[in-house]
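So this block is coords_26.txt, compact mmCIF, C-alpha atoms and all ligand atoms:
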```
# COMPACT_ATOMS: atom_id res chain seq x y z
CA MET N 507 18.94 -42.21 -46.47
CA LYS N 508 22.28 -41.93 -48.18
CA ILE N 509 23.41 -38.33 -48.22
CA PRO N 510 25.46 -37.49 -51.31
CA LYS N 511 28.75 -35.70 -50.74
CA ARG N 512 28.87 -32.03 -51.62
CA GLU N 513 32.26 -32.42 -53.29
CA THR N 514 31.10 -35.07 -55.73
CA LEU N 515 27.99 -33.20 -56.81
CA ASN N 516 29.13 -29.61 -56.85
CA TYR N 517 26.18 -28.38 -54.86
CA TRP N 518 26.44 -26.36 -51.65
CA ASN N 519 23.37 -28.18 -50.37
CA PRO N 520 23.05 -31.38 -52.41
CA ILE N 521 19.66 -32.26 -50.92
CA LEU N 522 17.84 -28.94 -51.26
CA GLU N 523 19.29 -28.03 -54.63
CA THR N 524 18.06 -31.25 -56.22
CA LEU N 525 14.73 -31.74 -54.44
CA PRO N 526 12.02 -33.06 -56.74
CA LEU N 527 9.70 -30.25 -57.74
CA GLU N 528 6.79 -31.53 -55.72
CA LYS N 529 8.88 -31.72 -52.55
CA LEU N 530 10.30 -28.28 -53.23
CA ARG N 531 6.81 -26.74 -53.47
CA GLU N 532 5.81 -28.57 -50.29
CA LEU N 533 8.84 -27.13 -48.50
CA GLN N 534 8.07 -23.64 -49.78
CA VAL N 535 4.41 -23.70 -48.76
CA GLY N 536 5.30 -24.97 -45.29
CA LYS N 537 7.89 -22.24 -44.80
CA PHE N 538 5.56 -19.64 -46.30
CA ARG N 539 2.83 -20.49 -43.79
CA ARG N 540 5.38 -20.26 -41.01
CA ILE N 541 6.68 -16.80 -41.97
CA VAL N 542 3.17 -15.40 -42.51
CA LYS N 543 2.14 -16.67 -39.07
CA TRP N 544 5.33 -15.23 -37.57
CA ALA N 545 4.65 -11.79 -39.07
CA TYR N 546 0.93 -11.88 -38.23
CA GLU N 547 1.65 -12.55 -34.60
CA ARG N 548 4.53 -10.12 -34.17
CA SER N 549 4.12 -7.14 -36.47
CA LYS N 550 1.31 -4.58 -36.29
CA PHE N 551 1.87 -3.74 -39.92
CA HIS N 552 1.41 -7.29 -41.18
CA ARG N 553 -1.51 -8.09 -38.89
CA LYS N 554 -3.41 -5.01 -40.11
CA LEU N 555 -2.57 -5.76 -43.73
CA TYR N 556 -3.84 -9.34 -43.48
CA GLN N 557 -6.89 -8.51 -41.36
CA GLU N 558 -7.98 -5.92 -43.91
CA ALA N 559 -7.73 -8.59 -46.59
CA GLY N 560 -9.74 -10.98 -44.40
CA LEU N 561 -6.83 -13.39 -44.27
CA LYS N 562 -5.57 -15.56 -41.43
CA PRO N 563 -2.30 -17.52 -41.58
CA GLY N 564 -4.29 -20.78 -41.38
CA ASP N 565 -6.00 -19.94 -44.67
CA ILE N 566 -2.86 -20.78 -46.59
CA ARG N 567 -2.99 -24.46 -47.39
CA SER N 568 -1.58 -24.81 -50.88
CA TYR N 569 0.81 -23.25 -53.36
CA GLU N 570 -2.21 -21.64 -55.05
CA ASP N 571 -3.16 -19.90 -51.79
CA VAL N 572 0.14 -17.99 -51.71
CA ALA N 573 -1.16 -15.44 -54.22
CA LYS N 574 -4.06 -14.59 -51.89
CA VAL N 575 -1.68 -12.91 -49.46
CA PRO N 576 -1.50 -9.13 -50.02
CA LYS N 577 1.63 -7.79 -51.65
CA VAL N 578 3.99 -5.33 -50.01
CA GLU N 579 5.28 -2.36 -52.00
CA LYS N 580 8.46 -0.45 -51.30
CA ALA N 581 6.46 2.73 -50.57
CA MET N 582 4.67 0.91 -47.74
CA MET N 583 8.02 0.22 -46.10
CA ARG N 584 8.76 3.96 -46.00
CA ASP N 585 5.49 4.67 -44.17
CA ILE N 586 6.19 1.87 -41.73
CA GLN N 587 9.48 3.46 -40.77
CA ARG N 588 7.84 6.63 -39.52
CA LYS N 589 6.39 4.52 -36.72
CA ASP N 590 7.89 3.01 -33.57
CA PRO N 591 10.22 1.43 -32.73
CA PHE N 592 12.83 3.81 -34.10
CA PRO N 593 14.26 3.54 -36.72
CA TYR N 594 12.56 0.50 -38.24
CA GLY N 595 8.86 0.86 -37.48
CA ASP N 596 6.11 -1.64 -36.91
CA ALA N 597 7.03 -4.37 -39.39
CA LEU N 598 9.79 -5.33 -36.98
CA CYS N 599 9.12 -8.82 -35.61
CA VAL N 600 11.85 -9.10 -32.98
CA PRO N 601 12.86 -6.97 -29.99
CA LEU N 602 15.34 -4.25 -30.99
CA GLU N 603 17.91 -5.98 -28.77
CA GLU N 604 18.01 -8.86 -31.25
CA VAL N 605 18.85 -6.66 -34.23
CA THR N 606 22.56 -6.92 -34.97
CA GLU N 607 22.83 -5.64 -38.54
CA PHE N 608 21.83 -2.28 -40.00
CA ARG N 609 21.68 -1.80 -43.76
CA GLN N 610 19.68 0.52 -45.97
CA THR N 611 18.51 0.72 -49.55
CA SER N 612 20.28 3.22 -51.77
CA GLY N 613 17.39 5.69 -51.50
CA THR N 614 17.65 6.73 -55.12
CA THR N 615 13.94 6.11 -55.58
CA GLY N 616 13.03 8.23 -52.59
CA LEU N 617 13.86 7.96 -48.91
CA PRO N 618 16.10 5.02 -48.08
CA VAL N 619 14.45 2.02 -46.42
CA TYR N 620 16.25 0.72 -43.36
CA GLN N 621 16.81 -2.98 -43.10
CA PRO N 622 17.26 -4.64 -39.74
CA ASP N 623 18.59 -8.18 -39.49
CA THR N 624 19.20 -10.45 -36.53
CA TRP N 625 22.32 -12.57 -36.29
CA GLN N 626 20.22 -15.49 -37.51
CA ASP N 627 19.20 -13.41 -40.54
CA TRP N 628 22.81 -12.56 -41.18
CA GLU N 629 23.68 -16.28 -41.13
CA TRP N 630 20.83 -16.76 -43.57
CA TRP N 631 22.29 -14.09 -45.87
CA SER N 632 25.59 -15.97 -45.82
CA GLU N 633 23.83 -19.24 -46.54
CA ALA N 634 22.07 -17.73 -49.57
CA TRP N 635 25.38 -16.36 -50.83
CA SER N 636 27.21 -19.62 -50.11
CA THR N 637 24.77 -21.36 -52.44
CA ILE N 638 25.63 -18.78 -55.11
CA LEU N 639 29.39 -18.93 -54.69
CA TYR N 640 29.58 -22.71 -54.51
CA ALA N 641 27.44 -22.97 -57.66
CA GLN N 642 29.92 -20.62 -59.36
CA GLY N 643 32.87 -22.79 -58.44
CA TYR N 644 34.23 -20.99 -55.38
CA ARG N 645 36.18 -23.42 -53.22
CA ASN N 646 38.61 -23.36 -50.31
CA THR N 647 41.47 -23.02 -52.78
CA ASP N 648 40.24 -19.57 -53.84
CA ARG N 649 41.59 -16.23 -52.71
CA VAL N 650 38.72 -13.78 -53.17
CA PHE N 651 39.23 -10.05 -53.62
CA ILE N 652 36.25 -7.80 -52.88
CA PRO N 653 36.71 -4.31 -54.35
CA PHE N 654 33.75 -2.75 -52.59
CA GLY N 655 33.38 0.28 -50.32
CA TYR N 656 32.13 -1.50 -47.21
CA ASN N 657 29.35 0.80 -45.96
CA VAL N 658 25.62 1.03 -45.13
CA PHE N 659 24.63 -0.66 -48.38
CA VAL N 660 24.41 -4.44 -48.28
CA ALA N 661 26.06 -4.97 -51.70
CA PHE N 662 28.89 -7.50 -51.25
CA TRP N 663 28.89 -7.69 -47.45
CA ALA N 664 27.08 -11.02 -47.45
CA GLY N 665 29.25 -12.24 -50.32
CA HIS N 666 32.26 -11.57 -48.12
CA TYR N 667 30.88 -13.62 -45.21
CA ALA N 668 29.74 -16.39 -47.53
CA ALA N 669 33.15 -16.67 -49.19
CA GLU N 670 34.58 -17.25 -45.71
CA LYS N 671 31.85 -19.80 -44.97
CA VAL N 672 32.68 -21.70 -48.15
CA GLY N 673 36.29 -21.73 -47.00
CA CYS N 674 37.85 -19.17 -49.32
CA GLU N 675 40.47 -16.70 -48.20
CA VAL N 676 38.96 -13.22 -48.40
CA ILE N 677 40.73 -9.93 -49.10
CA PRO N 678 38.57 -6.91 -48.28
CA GLY N 679 39.41 -4.29 -50.92
CA GLY N 680 37.61 -1.48 -49.13
CA VAL N 681 38.95 2.06 -49.22
CA LEU N 682 41.55 1.57 -51.93
CA ASP N 683 41.44 3.31 -55.28
CA THR N 684 41.14 1.27 -58.44
CA GLU N 685 44.87 1.20 -59.17
CA ALA N 686 45.71 0.09 -55.63
CA ARG N 687 43.10 -2.64 -55.87
CA ILE N 688 44.53 -3.97 -59.11
CA LEU N 689 48.04 -4.00 -57.66
CA LYS N 690 46.77 -5.86 -54.58
CA ILE N 691 45.08 -8.45 -56.78
CA GLN N 692 48.36 -8.91 -58.60
CA GLU N 693 50.52 -8.95 -55.46
CA LEU N 694 48.35 -11.58 -53.70
CA ARG N 695 47.45 -13.57 -56.84
CA ALA N 696 43.72 -13.35 -56.06
CA THR N 697 41.69 -15.93 -57.99
CA ALA N 698 38.16 -14.53 -57.74
CA MET N 699 36.38 -11.21 -57.42
CA MET N 700 32.94 -9.69 -56.86
CA ALA N 701 31.90 -6.38 -58.46
CA THR N 702 29.35 -4.61 -60.65
CA PRO N 703 29.78 -5.13 -64.41
CA THR N 704 30.56 -1.44 -64.86
CA TYR N 705 33.36 -1.68 -62.35
CA VAL N 706 34.66 -4.97 -63.72
CA LEU N 707 35.11 -3.30 -67.12
CA GLY N 708 36.38 -0.07 -65.61
CA MET N 709 39.04 -1.91 -63.64
CA ALA N 710 40.26 -3.69 -66.75
CA ASP N 711 40.48 -0.35 -68.52
CA THR N 712 42.45 1.24 -65.70
CA ALA N 713 44.75 -1.77 -65.44
CA LYS N 714 45.67 -1.55 -69.12
CA LYS N 715 45.86 2.20 -69.54
CA LYS N 716 47.36 3.32 -66.26
CA LEU N 717 49.39 0.32 -65.10
CA GLY N 718 50.22 -1.53 -68.29
CA ILE N 719 48.65 -4.65 -66.77
CA ASP N 720 46.58 -6.95 -68.95
CA PRO N 721 44.20 -8.65 -66.48
CA ALA N 722 43.70 -11.71 -68.71
CA ARG N 723 47.47 -12.21 -69.02
CA ASP N 724 48.97 -10.77 -65.85
CA LEU N 725 46.38 -11.45 -63.15
CA ALA N 726 45.06 -14.74 -61.71
CA ILE N 727 41.36 -13.82 -61.40
CA ARG N 728 39.41 -16.69 -63.00
CA LYS N 729 35.92 -16.17 -61.55
CA ILE N 730 33.95 -12.95 -61.20
CA THR N 731 30.58 -12.67 -59.52
CA CYS N 732 28.53 -9.69 -60.58
CA ALA N 733 25.66 -7.83 -59.00
CA GLY N 734 23.91 -4.51 -59.18
CA GLU N 735 23.41 -4.38 -62.94
CA PRO N 736 22.10 -6.84 -65.53
CA GLY N 737 25.44 -6.78 -67.43
CA ALA N 738 26.55 -10.29 -66.51
CA SER N 739 23.31 -11.59 -68.05
CA ILE N 740 23.73 -9.52 -71.22
CA PRO N 741 25.73 -11.76 -73.56
CA SER N 742 27.85 -9.05 -75.22
CA THR N 743 28.79 -7.41 -71.92
CA LYS N 744 29.50 -10.77 -70.34
CA ARG N 745 31.79 -11.65 -73.23
CA ARG N 746 33.70 -8.36 -72.93
CA MET N 747 34.23 -8.92 -69.23
CA GLU N 748 35.30 -12.53 -69.72
CA GLU N 749 37.74 -11.56 -72.46
CA ALA N 750 39.16 -8.63 -70.53
CA TRP N 751 39.84 -10.74 -67.44
CA GLY N 752 40.34 -14.22 -68.94
CA ALA N 753 37.76 -15.28 -66.36
CA LYS N 754 34.28 -16.77 -66.11
CA VAL N 755 31.74 -14.11 -65.23
CA TYR N 756 28.62 -15.07 -63.31
CA ASP N 757 25.49 -13.14 -62.50
CA HIS N 758 23.45 -13.03 -59.33
CA VAL N 759 20.36 -11.08 -58.34
CA GLY N 760 19.25 -9.79 -54.98
CA ALA N 761 17.97 -6.77 -53.10
CA THR N 762 18.40 -5.30 -49.65
CA GLU N 763 14.76 -5.92 -48.70
CA ILE N 764 14.68 -9.44 -50.14
CA GLY N 765 18.09 -11.09 -49.99
CA ALA N 766 20.24 -12.78 -52.63
CA TRP N 767 17.58 -14.78 -54.41
CA GLY N 768 18.93 -15.76 -57.83
CA PHE N 769 22.20 -17.02 -59.25
CA GLU N 770 23.92 -18.28 -62.34
CA CYS N 771 25.71 -21.63 -62.08
CA THR N 772 28.88 -22.81 -63.87
CA ALA N 773 26.73 -24.31 -66.65
CA GLN N 774 25.96 -20.69 -67.68
CA PRO N 775 22.53 -21.67 -69.00
CA GLY N 776 21.57 -18.17 -70.14
CA GLY N 777 19.57 -17.53 -67.02
CA LEU N 778 19.57 -17.52 -63.24
CA HIS N 779 18.36 -20.14 -60.80
CA VAL N 780 15.90 -18.93 -58.19
CA ASN N 781 17.03 -20.28 -54.83
CA GLU N 782 13.69 -21.93 -54.18
CA ALA N 783 14.77 -23.48 -50.90
CA LEU N 784 15.11 -20.03 -49.33
CA PHE N 785 12.73 -17.96 -51.47
CA LEU N 786 9.32 -18.29 -53.04
CA ALA N 787 9.21 -16.30 -56.25
CA GLN N 788 6.17 -15.95 -58.46
CA LEU N 789 5.84 -14.13 -61.75
CA GLU N 790 2.83 -11.92 -62.10
CA ASP N 791 1.37 -10.65 -65.35
CA LEU N 792 2.11 -6.93 -65.51
CA GLU N 793 -1.46 -6.02 -66.44
CA THR N 794 -3.77 -8.70 -65.09
CA GLY N 795 -1.78 -9.76 -62.02
CA GLU N 796 -2.30 -13.38 -63.03
CA ILE N 797 0.39 -15.82 -61.85
CA ILE N 798 2.54 -17.01 -64.74
CA GLU N 799 3.80 -20.58 -64.60
CA GLU N 800 4.60 -21.16 -68.26
CA PRO N 801 7.87 -20.15 -69.97
CA GLY N 802 8.21 -17.34 -72.46
CA ARG N 803 5.80 -14.86 -70.89
CA LYS N 804 7.16 -11.81 -69.11
CA GLY N 805 6.01 -10.90 -65.63
CA LYS N 806 7.22 -9.17 -62.54
CA VAL N 807 8.74 -11.01 -59.63
CA VAL N 808 6.71 -11.09 -56.41
CA ILE N 809 8.90 -12.73 -53.84
CA THR N 810 9.06 -13.99 -50.26
CA ALA N 811 12.19 -14.56 -48.22
CA LEU N 812 11.06 -17.73 -46.45
CA ASP N 813 13.43 -17.60 -43.48
CA ARG N 814 14.18 -13.94 -42.81
CA ILE N 815 12.71 -13.00 -39.44
CA ALA N 816 13.56 -9.47 -38.21
CA GLN N 817 11.70 -7.55 -40.91
CA PRO N 818 10.03 -10.23 -43.00
CA CYS N 819 9.84 -9.90 -46.76
CA ILE N 820 6.52 -11.47 -47.68
CA ARG N 821 5.12 -11.16 -51.20
CA PHE N 822 7.34 -8.18 -51.91
CA ASP N 823 6.69 -6.47 -55.22
CA SER N 824 10.23 -6.40 -56.58
CA LYS N 825 9.24 -4.77 -59.90
CA ASP N 826 11.91 -6.92 -61.53
CA VAL N 827 10.70 -8.14 -64.91
CA THR N 828 11.71 -11.55 -66.25
CA GLU N 829 10.34 -14.85 -67.62
CA TRP N 830 10.70 -18.55 -66.85
CA ALA N 831 13.12 -20.53 -69.05
CA GLU N 832 11.84 -23.32 -71.32
CA THR N 833 14.29 -26.00 -70.30
CA PRO N 834 15.83 -27.12 -67.00
CA CYS N 835 19.51 -26.43 -66.37
CA PRO N 836 22.05 -29.12 -67.29
CA CYS N 837 23.66 -28.66 -63.85
CA GLY N 838 20.94 -30.85 -62.31
CA ARG N 839 19.53 -28.29 -59.90
CA THR N 840 15.77 -28.40 -59.73
CA PHE N 841 15.56 -24.70 -58.84
CA ARG N 842 13.73 -22.99 -61.68
CA LEU N 843 15.60 -20.74 -64.11
CA ILE N 844 14.65 -17.21 -65.07
CA LYS N 845 15.68 -16.67 -68.66
CA GLY N 846 18.20 -13.91 -69.32
CA GLY N 847 18.24 -12.86 -65.67
CA VAL N 848 16.43 -9.71 -64.66
CA ALA N 849 16.37 -7.53 -67.74
CA GLY N 850 14.27 -4.62 -66.62
CA ARG N 851 12.00 -2.95 -64.12
CA ALA N 852 8.28 -2.58 -64.12
CA ASP N 853 8.41 1.20 -63.88
CA ASP N 854 10.62 3.99 -65.08
CA ILE N 855 13.35 3.52 -62.54
CA THR N 856 16.59 2.90 -64.30
CA LYS N 857 20.04 1.71 -63.36
CA ILE N 858 22.98 3.97 -64.05
CA LYS N 859 26.49 2.89 -63.12
CA GLY N 860 24.90 0.11 -61.08
CA VAL N 861 22.75 2.46 -59.03
CA LEU N 862 18.97 2.62 -59.29
CA VAL N 863 17.84 6.09 -60.23
CA ALA N 864 14.38 7.55 -60.53
CA PRO N 865 14.22 10.66 -62.69
CA SER N 866 12.12 12.19 -59.92
CA ALA N 867 15.06 12.00 -57.51
CA ILE N 868 17.16 14.17 -59.84
CA GLU N 869 14.28 16.55 -60.34
CA GLU N 870 13.93 16.83 -56.60
CA VAL N 871 17.56 17.95 -56.29
CA VAL N 872 17.50 20.41 -59.19
CA ARG N 873 14.38 22.08 -57.91
CA TYR N 874 15.69 22.13 -54.35
CA ILE N 875 18.52 24.49 -55.19
CA PRO N 876 17.72 28.19 -55.40
CA GLY N 877 19.21 29.86 -58.43
CA LEU N 878 18.62 26.97 -60.82
CA GLY N 879 16.04 27.24 -63.57
CA ASN N 880 13.12 24.85 -63.62
CA GLU N 881 14.20 23.11 -66.78
CA PHE N 882 16.84 20.46 -66.90
CA GLU N 883 17.73 17.42 -68.90
CA VAL N 884 19.42 14.18 -68.00
CA VAL N 885 21.23 12.28 -70.72
CA VAL N 886 22.64 8.83 -70.20
CA THR N 887 25.03 7.46 -72.79
CA LYS N 888 27.72 4.83 -73.05
CA LYS N 889 31.35 5.85 -73.16
CA GLY N 890 33.01 2.64 -74.16
CA ASP N 891 31.55 0.14 -71.73
CA LEU N 892 30.76 2.63 -69.00
CA ASP N 893 27.67 4.66 -68.38
CA ASP N 894 28.12 8.38 -68.79
CA LEU N 895 25.68 10.73 -67.13
CA THR N 896 25.16 14.35 -68.07
CA LEU N 897 22.89 16.80 -66.35
CA LYS N 898 22.03 19.93 -68.30
CA ILE N 899 20.85 22.84 -66.23
CA GLU N 900 20.19 26.56 -66.44
CA ILE N 901 21.29 29.15 -63.93
CA LEU N 902 18.93 32.07 -63.47
CA PRO N 903 20.44 35.43 -64.52
CA GLU N 904 20.03 36.89 -61.03
CA ALA N 905 21.97 33.98 -59.53
CA GLU N 906 24.94 34.15 -61.91
CA GLY N 907 27.05 35.75 -59.18
CA ASN N 908 26.71 32.59 -57.06
CA ARG N 909 27.49 30.24 -59.91
CA GLU N 910 30.31 28.34 -58.19
CA ASP N 911 28.34 27.90 -54.96
CA ILE N 912 25.31 26.66 -56.84
CA LEU N 913 27.33 24.10 -58.80
CA THR N 914 29.05 22.83 -55.66
CA GLN N 915 25.74 22.49 -53.89
CA LEU N 916 24.20 20.74 -56.88
CA LYS N 917 27.01 18.20 -57.14
CA ASP N 918 26.92 17.48 -53.40
CA GLN N 919 23.15 17.06 -53.32
CA LEU N 920 23.14 14.85 -56.39
CA ARG N 921 25.76 12.59 -54.90
CA LEU N 922 23.92 12.51 -51.59
CA LYS N 923 20.49 11.83 -53.06
CA THR N 924 21.35 9.63 -56.02
CA ASN N 925 24.80 8.21 -55.21
CA LEU N 926 26.06 9.23 -58.62
CA GLY N 927 28.49 11.66 -60.20
CA TYR N 928 27.37 13.79 -63.16
CA ASN N 929 28.91 15.88 -65.90
CA ILE N 930 27.18 19.19 -65.32
CA GLU N 931 26.51 21.36 -68.36
CA VAL N 932 25.32 24.91 -67.77
CA HIS N 933 23.17 26.09 -70.65
CA PRO N 934 22.06 29.65 -71.35
CA CYS N 935 18.83 30.53 -69.65
CA ASN N 936 15.72 29.52 -71.61
CA SER N 937 17.66 27.37 -74.05
CA LEU N 938 16.71 23.89 -72.82
CA PRO N 939 13.55 22.37 -74.30
CA ARG N 940 10.30 23.45 -72.72
CA TYR N 941 7.37 21.06 -72.43
CA GLU N 942 3.68 21.61 -72.31
CA VAL N 943 2.17 18.52 -70.77
CA LYS N 944 4.58 15.68 -70.25
CA ALA N 945 8.25 16.50 -70.08
CA LYS N 946 10.92 14.29 -71.54
CA ARG N 947 13.75 15.30 -69.29
CA PHE N 948 15.28 11.88 -68.98
CA LYS N 949 17.03 10.61 -72.08
CA ASP N 950 18.50 7.17 -71.93
CA LEU N 951 20.57 6.81 -75.11
CA ARG N 952 22.54 3.75 -73.99
CA LYS N 953 20.54 1.27 -76.02
CA GLN N 954 21.17 3.21 -79.23
CA GLY N 955 24.87 2.59 -78.71
ZN ZN N 1001 22.35 -24.65 -63.28
```
Would you write the structure of this file as structure tokens?
Amino acid sequence: MKIPKRETLNYWNPILETLPLEKLRELQVGKFRRIVKWAYERSKFHRKLYQEAGLKPGDIRSYEDVAKVPKVEKAMMRDIQRKDPFPYGDALCVPLEEVTEFRQTSGTTGLPVYQPDTWQDWEWWSEAWSTILYAQGYRNTDRVFIPFGYNVFVAFWAGHYAAEKVGCEVIPGGVLDTEARILKIQELRATAMMATPTYVLGMADTAKKKLGIDPARDLAIRKITCAGEPGASIPSTKRRMEEAWGAKVYDHVGATEIGAWGFECTAQPGGLHVNEALFLAQLEDLETGEIIEEPGRKGKVVITALDRIAQPCIRFDSKDVTEWAETPCPCGRTFRLIKGGVAGRADDITKIKGVLVAPSAIEEVVRYIPGLGNEFEVVVTKKGDLDDLTLKIEILPEAEGNREDILTQLKDQLRLKTNLGYNIEVHPCNSLPRYEVKAKRFKDLRKQG
């Protein structure tokens, strides 16, 4: 077999990325059986789940059988983590000694979920991200700046390692403020960057207004990889970013519990490839649960990370809503495309400033603080290109004397529980709308412009 050269084809893995569909499905089913068997034999959680469904790993023989395997919801992961071994619980499939990486979900939709990975898993993360970066034109001639607060969230960690794996030179832009980051990008003539769309636009704004730097003219960034928000798949936002930076902007999609499973290529086909060599993604009808294979019909993504071993992600209900594209991508990859990326979520959880927020998380904080009235209102708007978040509250008359303390506590708790900053508006007591049955405390006005 003649193996094509990566350089001539522009694929990170020329064989896997162009496998004929039939072979690709065969590969996925084989790997799927393997990971289900792995979890069944090693995790109490998975064994119980499958036994209750009357399912044994050997029952999976075809692509159609995949949908017979019970789904895993995020809430189930929280229950698991109350069990041994600490702190991950009984979905862990390796001895604790083999866990080398700790990450956690943002916890904005409730308690954070911890994510253990082995070193092999971490290599796998890098491999998934290498596929993304190579497809977006990252090469060993690139100097990549990563303006990200390296912390317990996975965010761009794997992107950092992958950029090294691809051969790029990587500049970690950790605890620098925005101005310092821009100056570093200029000083080192960085050629590529990874950030959320909100931050990409915010940086451009800061560069112009505070430093008199026009990123498109004065900086050398020519590729930007986005994550965390759908912006890079929203044509108008993408255009604004590309114009502000004089760069190509590419989207990718992933999650802490799943991995980096989808990516845009340099053909910019108006959608994202699913990395079907490492993941098995199916679209499920939101009402009937039927598997959707045809284009043009929206469904939610139920996804398996085929090679992740410490805490397997098997048939995870991502709640991401999307649809299959009508036509294959001109880039030649056989990995299927989801049209328009991931545009929304199956429930009311919403992304603000790149962070997932459930209205219930805000409610939890407001009601946690003594001295605050029961009523509140959250209003999300757009200020220019950035999300603006206002929380309207009432302070009870008897607590007026502690006003400053209450506001400090509120801000701290909100940041802690939702990872976001708010404009706090104190309204006179009893002035915010009251509701009888269902409250409308969460007002997302961003779409109205
Ligand atoms: Zn493509």
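When all atoms listed in the file are used to measure the gap to Gln610 of chain N, the shortest distance among N:Arg584, N:Lys554, N:Arg728, N:Arg803 belongs to N:Arg584.
When atom CA of Ile899 of chain N is paired with atom CA of Gly860 of chain N, their separation reads 23.7 Å.
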(request) May I have the residues within 10 Å of segment 529-535 of chain N as a list in words, using only C-alpha atoms and disregarding those fewer than 4 positions away in the same chain? (result) Leu522, Glu523, Thr524, Leu525, Arg539, Arg540, Ile541, Ile566, Arg567, Ser568, Tyr569, Glu570, Asp571, Val572, Glu782, Ala783, Leu784, Phe785, Leu786, Ala787, Thr810, Leu812, Thr840 and Phe841 of chain N
(message) Neighbours of ligand ZN 1001 (chain N) at 9 Å or closer, counting all atoms listed in the file: which residues, as a PyMOL selection string?
(response) chain N and resi 641+769-775+777-779+834-843
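When atom CA of Leu926 of chain N is paired with atom CA of Phe948 of chain N, their separation reads 15.2 Å.
If you look at atom CA of Asp565 of chain N and atom CA of Lys537 of chain N, they are 14.1 Å away from each other.
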(message) Neighbouring residues of segment 756-768 of chain N were defined as those with any atom within 8 Å, considering all atoms listed in the file; residues of the same chain fewer than 2 positions away were excluded. Please report them as JSON, numbers by chain.
(response) {"N": [609, 610, 611, 621, 631, 634, 635, 638, 642, 659, 660, 661, 729, 730, 731, 732, 733, 734, 736, 738, 739, 754, 770, 771, 772, 774, 778, 779, 780, 781, 784, 785, 809, 810, 811, 819, 822, 847, 848]}
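The smallest atom-to-atom distance between Pro618 of chain N and any of N:Asn925, N:Gln919, N:Thr606, N:Thr637, using all atoms listed in the file, is found for N:Asn925.
Minimum distance to Trp630 of chain N across N:Val681, N:Ala664, N:Val706, N:Leu862 (counting only C-alpha atoms) occurs at N:Ala664.
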(message) Using only C-alpha atoms for the distances, tell me which of N:Lys690, N:Ala573, N:Trp544, N:Lys898 is nearest to Leu789 of chain N.
(response) N:Ala573
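Near (28.2, -15.4, -45.4), the residues inside the 7 Å limit, counting all atoms listed in the file, come to Glu629, Trp631, Ser632, Glu633, Trp635, Ser636, Ala664, Gly665, His666, Tyr667, Ala668, Ala669, Glu670 and Lys671 of chain N.
Distance check against Glu910 of chain N using only C-alpha atoms: of N:Pro526, N:Leu895, N:Gly877, N:Asn519, the minimum falls on N:Gly877.
Using only C-alpha atoms, the shortest contact distance between Pro576 of chain N and any of N:Leu916, N:Ala753, N:Ile815, N:Ile820 is found at N:Ile820.
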(request) May I have the residues within 8 Å of Val871 of chain N as an MDAnalysis selection string, using all atoms listed in the file and disregarding those fewer than 2 positions away in the same chain? (result) chainID N and resid 867:869 873:875 916 919:920 923
Using all atoms listed in the file, what table do you get, as a tab-separated table, when you list each residue of segment 700-747 of chain N with an atom no more than 9 Å from segment 647-655 of chain N, its nearest pair of atoms, and their distance in Å rounded to one decimal, rows by chain then rising number?
```
residue	atom	partner	partner_atom	distance
N:Met700	CA	N:Ile652	CA	5.5
N:Ala701	CA	N:Pro653	CA	6.7
N:Ile727	CA	N:Val650	CA	8.6
```
Store the residues picked out above, limited to C-alpha atoms, as an mmCIF file, keeping the file's coordinate frame.
```cif
data_model
loop_
_atom_site.group_PDB
_atom_site.id
_atom_site.type_symbol
_atom_site.label_atom_id
_atom_site.label_comp_id
_atom_site.auth_asym_id
_atom_site.auth_seq_id
_atom_site.Cartn_x
_atom_site.Cartn_y
_atom_site.Cartn_z
ATOM 1 C CA MET N 700 32.940 -9.690 -56.860
ATOM 2 C CA ALA N 701 31.900 -6.380 -58.460
ATOM 3 C CA ILE N 727 41.360 -13.820 -61.400
#
```
